[in-house]
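K.L.:
The structure's right below; bear with me while I get my questions together.
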There are 2 protein chains.
Amino acid sequence: MALKKKPVTGMRDVLPAEMRVREYVMNQIRETYQSFGFTQIETPCVEHIENLTSKQGGDNEKLIFKILKRGEKLNLAAAQEENDLTDSGLRYDLTLPLSRYYANNAAQLQSPFKALQMGSVWRADRPQKGRFRQFTQCDIDILGEAGSMAEIELILATTTALAKICPKNAFTVRINDRRILKGMALYSGFPEESMDQVFITLDKMDKIGADGVKAELLELGYEADSVEKYVSLLADTGTSVAAVRVLGDTLDGVLPKTVTENLAGIMDTVTGVAETEFKLEFDPTLVRGMSYYTGTIFEVSMEGFGGSVAGGGRYDEMIGKFTGQKTPACGFSIGFERIITILMDQGGIDAEQAPRKAYLIEKGMDQERLTAIMKQAMEERKAGCQILVSQMNKNKKFQKDQLSKDGYTEFVEFYREALK
Amino acid sequence: MALKKKPVTGMRDVLPAEMRVREYVMNQIRETYQSFGFTQIETPCVEHIENLTSKQGGDNEKLIFKILKRGEKLNLAAAQEENDLTDSGLRYDLTLPLSRYYANNAAQLQSPFKALQMGSVWRADRPQKGRFRQFTQCDIDILGEAGSMAEIELILATTTALAKICPKNAFTVRINDRRILKGMALYSGFPEESMDQVFITLDKMDKIGADGVKAELLELGYEADSVEKYVSLLADTGTSVAAVRVLGDTLDGVLPKTVTENLAGIMDTVTGVAETEFKLEFDPTLVRGMSYYTGTIFEVSMEGFGGSVAGGGRYDEMIGKFTGQKTPACGFSIGFERIITILMDQGGIDAEQAPRKAYLIEKGMDQERLTAIMKQAMEERKAGCQILVSQMNKNKKFQKDQLSKDGYTEFVEFYREALK
């Protein structure tokens with residue numbers, strides 16, 4: 001019987017050195033978010049297939065690991081298509097399950113509810129460096145809060161956490177609003193029904209640049225006037241709070257002033273309150289893929305690393321799909337695996353650790369002495385020391401070298417009799 | 001579009017109050033095990049179907065959640081049976097993935113390797129009270145240690161952890177050895193090839209009693225003499241270390257003395273070293289279901305609760321199935337969900353928590369004051385306080401009642417203007 005040693009395609013074993021970094025980062029995130037009053041919750045990793053394929057997840061819905069029906073429910077002979085074989089799948093994010101959770105349990109939760117989730121999600125992406133099919137997400141969400149206090153708290157909490165975890169890395173929070181995005185397109189003369197297609201193109205800005213966006217929009221058949229006006233507006237709009245207010249004036253007539261004022265207010269307050277240093281910029285080209293966003297959207301990029309390390313936004317429509325009753329919601333997700341990659345590339349973390357000591361015991365030790373040695377280890381553990389009790393290997397030097405790599409700085413060797 | 005609010009059958013949402021207990025218990029277990037030098041690792045939740053169905057998992061292999069093949073690999077038209085549709089599934093325990101992990105990564109791991117795993121596993125059991133289809137296991141394993149130091153350390157670490165988590169509950173560790181089990185059956189005259197069947201019956205002892213076991217063995221067609229001798233031997237054997245040694249004398253000829261001496265040595269040393277109070281008993285009727293055990297087996301029961309709260313044993317053959325090279329292995333698993341149930345029934349935990357304070361802010365607060373209030377919250381958080389910033393609801397009394405239930409003991413109310 002040949003068993004397979006490697007993990008399944010696209011998934012991975014976490015080795016001890018990385019595991020320590022992961023545990024450290026998880027604890028830092030958890031502590032920070034709890035200090036902001038976020039409450040940790042957990043949802044099952046398996047979700048109803050109806051929920052997973054309800055068009056909340058955009059492209060992620062193509063990447064679902066589906067679970068085979070069981071027992072009588074599985075009728076292979078009668079199955080016409082894939083969907084006849086499955087009634088559940090692995091969650092591709094934590095937002096959809098959170099919405100279901102809130103819909104199911106709202107009566108027992110605070111209102112507004114500040115949720116903290118840390119958990120695995122699965123996406124059958126094409127395997128590539130640094131991207132895995134099982135990965136961890138760390139999300140905070142505020143449900144039932146319509147006002148901008150939600151955005152402000154989410155940005156403050158996430159930036160506080162990021163500054164703690166990656167104290168060496170400067171980062172920038174870019175912020176936009178789906179409604180501003182739409183306002184700019186309408187103002188430029190794009191028809192209402194073209195919004196999704198225009199944003200898909202705009203979203204490629206960091207890859208293809210302004211010229212690329214322009215070319216693609218023209219190629220899609222939009223009017224040259226509209227495209228020109230749009231690309232100029234994007235280029236001329238600055239990143240400051242003042243720029244948001246100016247844009248508000250420009251878009252008068254296609255966008256209510258309250259929308260730009262809301263965003264400017266968020267930026268002002270965050271800047272006024274934040275204790276950690278980071279750049280906060282308005283980015284009129286920020287789109288974010290997920291179709292469920294309805295208002296403010298944000299993303300964090302870290303100096304020296306492509307892509308984002310965190311992102312989120314407001315999604316006021318999703319919970320209503322479960323309950324029939326509109327519930328405002330806003331969330332921010334840290335890209336846990338990216339953070340871990342960055343930290344591992346920097347050589348891990350310098351967290352203080354309990355002193356580590358290894359007891360190496362020669363084979364064949366008599367039981368009475370073994371008992372005494374192990375009792376001694378128990379005493380030291382009670383005093384806060386981490387004591388590894390291990391047999392002494394033949395190649396003692398190699399054993400100690402290996403243990404040193406794992407952080408052991410003290411070795412106590414026990415022999416059956418006095419060394420000659 | 002009607003989305004489903006309830007979790008999938010047999011799985012569950014974890015509410016905040018339970019989540020706090022879970023987090024607390026996880027941290028206690030992790031800290032305790034780390035003080036014994038166990039190293040935390042993680043394996044993917046998804047495993048190769050070949051590994052999951054390799055007869056290491058006993059009945060659990062009937063309960064696997066199988067994952068549908070994807071893309072071109074899924075050929076529905078050509079599929080003859082269930083296995084044509086799947087190439088992976090959710091892990092049903094942490095032991096099989098650990099063996100694969102060790103086989104895959106041994107060169108980068110300490111030897112012996114002391115592993116700590118905390119993670120979800122899935123079994124499609126019939127849903128019933130207190131039993132769920134996704135649940136958490138907390139396992140420690142020592143790989144590469146053939147001697148009884150492994151058993152001793154595992155029992156010391158697990159009992160230390162249990163005493164910390166459930167300080168109010170007396171518990172008993174019952175211990176046996178698969179080889180003694182076999183020795184007793186051979187001594188009583190059962191044929192070599194009947195072992196599995198005899199043990200399946202013996203395993204029902206706590207449900208059907210000695211008379212029930214006797215009746216069932218007779219019904220299965222075993223000789224009355226053998227059955228009588230076997231049941232008497234079981235009844236006459238005590239639970240002390242002395243009883244193990246006496247049994248060693250009795251079984252002389254069918255079982256090497258080293259086996260009973262090994263078990264007696266484990267019991268002596270554990271009793272001599274343990275700092276926490278618990279009963280340690282030899283239990284000649286202890287079987288444990290998993291077919292992979294090869295030597296010592298143990299189980300922990302807690303006063304006032306049916307079933308076991310922890311269990312484990314030696315499984316020297318499993319890793320070799322991956323590597324072709326025999327590697328001794330021994331593990332102990334805490335039934336995390338049972339522990340949580342017990343603690344929740346007792347009203348949770350009395351862990352000290354950071355002071356919790358809620359800022360309730362009247363709607364429509366001007367931005368300048370909001371900024372000042374949020375700045376104050378940030379200062380208090382830095383000082384170690386947990387500050388929830390929330391809008392003030394219309395029903396303020398209800399809001400404060402709800403927050404009190406969540407541990408908030410201090411409320412600061414902010415109004416737009418002086419209260420009349």
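Chain lettering (A, B, ...) mirrors the order of the structure tokens, residue numbering begins at 1 for each chain separately, and ligand numbering begins at 1 in order of display.
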Counting only C-alpha atoms, which residues of chain A come no farther than 6 Å from chain B, as a ChimeraX atom specification?
P.N.:
/A:3,5,8,13-16,35-37,41-43,48,51,66-68,100,104,269,273,322,371,375,381,386-388
K.L.:
With a distance cut-off of 10 Å and only C-alpha atoms, select the neighbouring residues of region 248-250 of chain B, excluding the residue or stretch itself and same-chain residues fewer than 4 positions from it, and output the selection as a list of chain:residue names.
P.N.:
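So, after excluding close chain neighbours, the residues are B:Ile180, B:Gly183, B:Met184, B:Tyr187, B:Leu233, B:Ala242, B:Ala243, B:Val244, B:Val254, B:Leu255, B:Pro256, B:Lys257, B:Thr258, B:Val259, B:Thr260, B:Glu261, B:Ala264.
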K.L.:
For C-alpha atoms, I'd like the residues from the last selection saved as a PDB file, in the first residue's frame.
P.N.:
```pdb
ATOM      1  CA  ILE B 180      -1.371  -7.579  27.272  1.00  0.00           C
ATOM      2  CA  GLY B 183      -1.780 -12.125  25.967  1.00  0.00           C
ATOM      3  CA  MET B 184      -4.852 -12.483  28.150  1.00  0.00           C
ATOM      4  CA  TYR B 187      -3.808 -17.440  27.717  1.00  0.00           C
ATOM      5  CA  LEU B 233      -9.113 -13.442  34.644  1.00  0.00           C
ATOM      6  CA  ALA B 242       1.232  -4.757  41.683  1.00  0.00           C
ATOM      7  CA  ALA B 243      -1.658  -6.274  39.735  1.00  0.00           C
ATOM      8  CA  VAL B 244       0.200  -5.638  36.459  1.00  0.00           C
ATOM      9  CA  VAL B 254       2.297 -16.267  26.179  1.00  0.00           C
ATOM     10  CA  LEU B 255       3.662 -12.764  26.834  1.00  0.00           C
ATOM     11  CA  PRO B 256       7.248 -11.583  27.434  1.00  0.00           C
ATOM     12  CA  LYS B 257       7.768 -10.184  30.925  1.00  0.00           C
ATOM     13  CA  THR B 258       9.235  -7.014  29.404  1.00  0.00           C
ATOM     14  CA  VAL B 259       5.737  -5.959  28.318  1.00  0.00           C
ATOM     15  CA  THR B 260       4.175  -5.957  31.778  1.00  0.00           C
ATOM     16  CA  GLU B 261       7.404  -4.580  33.271  1.00  0.00           C
ATOM     17  CA  ALA B 264       4.489  -1.150  35.460  1.00  0.00           C
TER      18      ALA B 264
END
```
K.L.:
Can you pull out every residue within 12 Å of Asp211 (chain A), counting only C-alpha atoms, but drop anything in the same chain fewer than 4 positions away, and send it as a PDB file with C-alpha atoms, in the first residue's frame?
P.N.:
```
ATOM      1  CA  THR A 201     -11.017  47.682 -16.740  1.00  0.00           C
ATOM      2  CA  LEU A 202     -10.212  50.397 -14.195  1.00  0.00           C
ATOM      3  CA  LYS A 204      -6.267  46.848 -14.009  1.00  0.00           C
ATOM      4  CA  MET A 205      -4.770  50.334 -13.562  1.00  0.00           C
ATOM      5  CA  ASP A 206      -1.735  49.162 -11.539  1.00  0.00           C
ATOM      6  CA  LYS A 207      -0.977  46.517 -14.180  1.00  0.00           C
ATOM      7  CA  ALA A 215      -6.998  51.709 -24.782  1.00  0.00           C
ATOM      8  CA  GLU A 216      -9.125  48.954 -23.291  1.00  0.00           C
ATOM      9  CA  LEU A 217     -12.141  51.224 -22.768  1.00  0.00           C
ATOM     10  CA  LEU A 218     -11.933  52.416 -26.360  1.00  0.00           C
ATOM     11  CA  VAL A 227     -12.954  57.843 -22.084  1.00  0.00           C
ATOM     12  CA  GLU A 228     -10.855  60.989 -22.424  1.00  0.00           C
ATOM     13  CA  TYR A 230     -12.701  59.897 -17.417  1.00  0.00           C
ATOM     14  CA  VAL A 231      -8.972  59.290 -17.685  1.00  0.00           C
ATOM     15  CA  SER A 232      -8.263  63.026 -17.288  1.00  0.00           C
ATOM     16  CA  LEU A 234      -8.694  60.284 -12.647  1.00  0.00           C
ATOM     17  CA  ALA A 235      -5.296  61.816 -13.439  1.00  0.00           C
TER      18      ALA A 235
END
```
K.L.:
Check the DSSP output for the backbone and give back, as a PyMOL selection string, the residues of region 96-156 of chain B in alpha helix (DSSP H).
P.N.:
chain B and resi 96-105+149-156
K.L.:
Write a file of the selected residues as a compact mmCIF listing (two decimals), in the first residue's frame, keeping N, CA, C and O atoms.
P.N.:
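Written out: again-v2.txt:
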```txt
# COMPACT_ATOMS: atom_id res chain seq x y z
N LEU B 96 -3.34 10.62 11.34
CA LEU B 96 -2.95 10.23 9.99
C LEU B 96 -2.21 11.37 9.27
O LEU B 96 -1.11 11.15 8.75
N PRO B 97 -2.73 12.60 9.29
CA PRO B 97 -1.97 13.70 8.66
C PRO B 97 -0.61 13.92 9.32
O PRO B 97 0.35 14.26 8.62
N LEU B 98 -0.52 13.72 10.63
CA LEU B 98 0.77 13.87 11.30
C LEU B 98 1.77 12.86 10.76
O LEU B 98 2.95 13.19 10.52
N SER B 99 1.32 11.64 10.55
CA SER B 99 2.22 10.61 10.04
C SER B 99 2.71 10.99 8.64
O SER B 99 3.90 10.84 8.33
N ARG B 100 1.81 11.48 7.81
CA ARG B 100 2.20 11.93 6.47
C ARG B 100 3.18 13.10 6.60
O ARG B 100 4.21 13.14 5.91
N TYR B 101 2.88 14.03 7.47
CA TYR B 101 3.72 15.22 7.71
C TYR B 101 5.13 14.79 8.10
O TYR B 101 6.13 15.30 7.57
N TYR B 102 5.20 13.85 9.04
CA TYR B 102 6.51 13.40 9.52
C TYR B 102 7.28 12.72 8.39
O TYR B 102 8.47 12.96 8.20
N ALA B 103 6.57 11.88 7.63
CA ALA B 103 7.21 11.19 6.51
C ALA B 103 7.73 12.21 5.50
O ALA B 103 8.81 12.03 4.91
N ASN B 104 7.02 13.29 5.32
CA ASN B 104 7.37 14.30 4.32
C ASN B 104 8.47 15.25 4.77
O ASN B 104 9.23 15.77 3.96
N ASN B 105 8.56 15.49 6.08
CA ASN B 105 9.42 16.56 6.58
C ASN B 105 10.46 16.14 7.61
O ASN B 105 11.11 17.01 8.21
N MET B 149 9.73 6.55 27.88
CA MET B 149 9.78 7.97 28.21
C MET B 149 8.69 8.71 27.45
O MET B 149 8.15 9.71 27.92
N ALA B 150 8.35 8.23 26.25
CA ALA B 150 7.28 8.86 25.46
C ALA B 150 5.96 8.78 26.21
O ALA B 150 5.29 9.80 26.43
N GLU B 151 5.58 7.58 26.63
CA GLU B 151 4.31 7.42 27.34
C GLU B 151 4.30 8.29 28.61
O GLU B 151 3.30 8.95 28.93
N ILE B 152 5.43 8.25 29.33
CA ILE B 152 5.49 8.99 30.60
C ILE B 152 5.27 10.49 30.36
O ILE B 152 4.45 11.12 31.04
N GLU B 153 6.00 11.05 29.39
CA GLU B 153 5.86 12.47 29.12
C GLU B 153 4.45 12.83 28.64
O GLU B 153 3.90 13.86 29.00
N LEU B 154 3.89 11.99 27.78
CA LEU B 154 2.55 12.26 27.26
C LEU B 154 1.52 12.28 28.39
O LEU B 154 0.65 13.16 28.44
N ILE B 155 1.64 11.31 29.31
CA ILE B 155 0.66 11.26 30.40
C ILE B 155 0.87 12.45 31.35
O ILE B 155 -0.09 13.10 31.77
N LEU B 156 2.13 12.78 31.63
CA LEU B 156 2.39 13.93 32.51
C LEU B 156 1.87 15.22 31.90
O LEU B 156 1.22 16.03 32.56
```
K.L.:
What gap, in Å, lies between CA of Lys229 (chain B) and CA of Met267 (chain B)?
P.N.:
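According to the coordinates, CA of Lys229 (chain B) and CA of Met267 (chain B) are separated by 26.5 Å.
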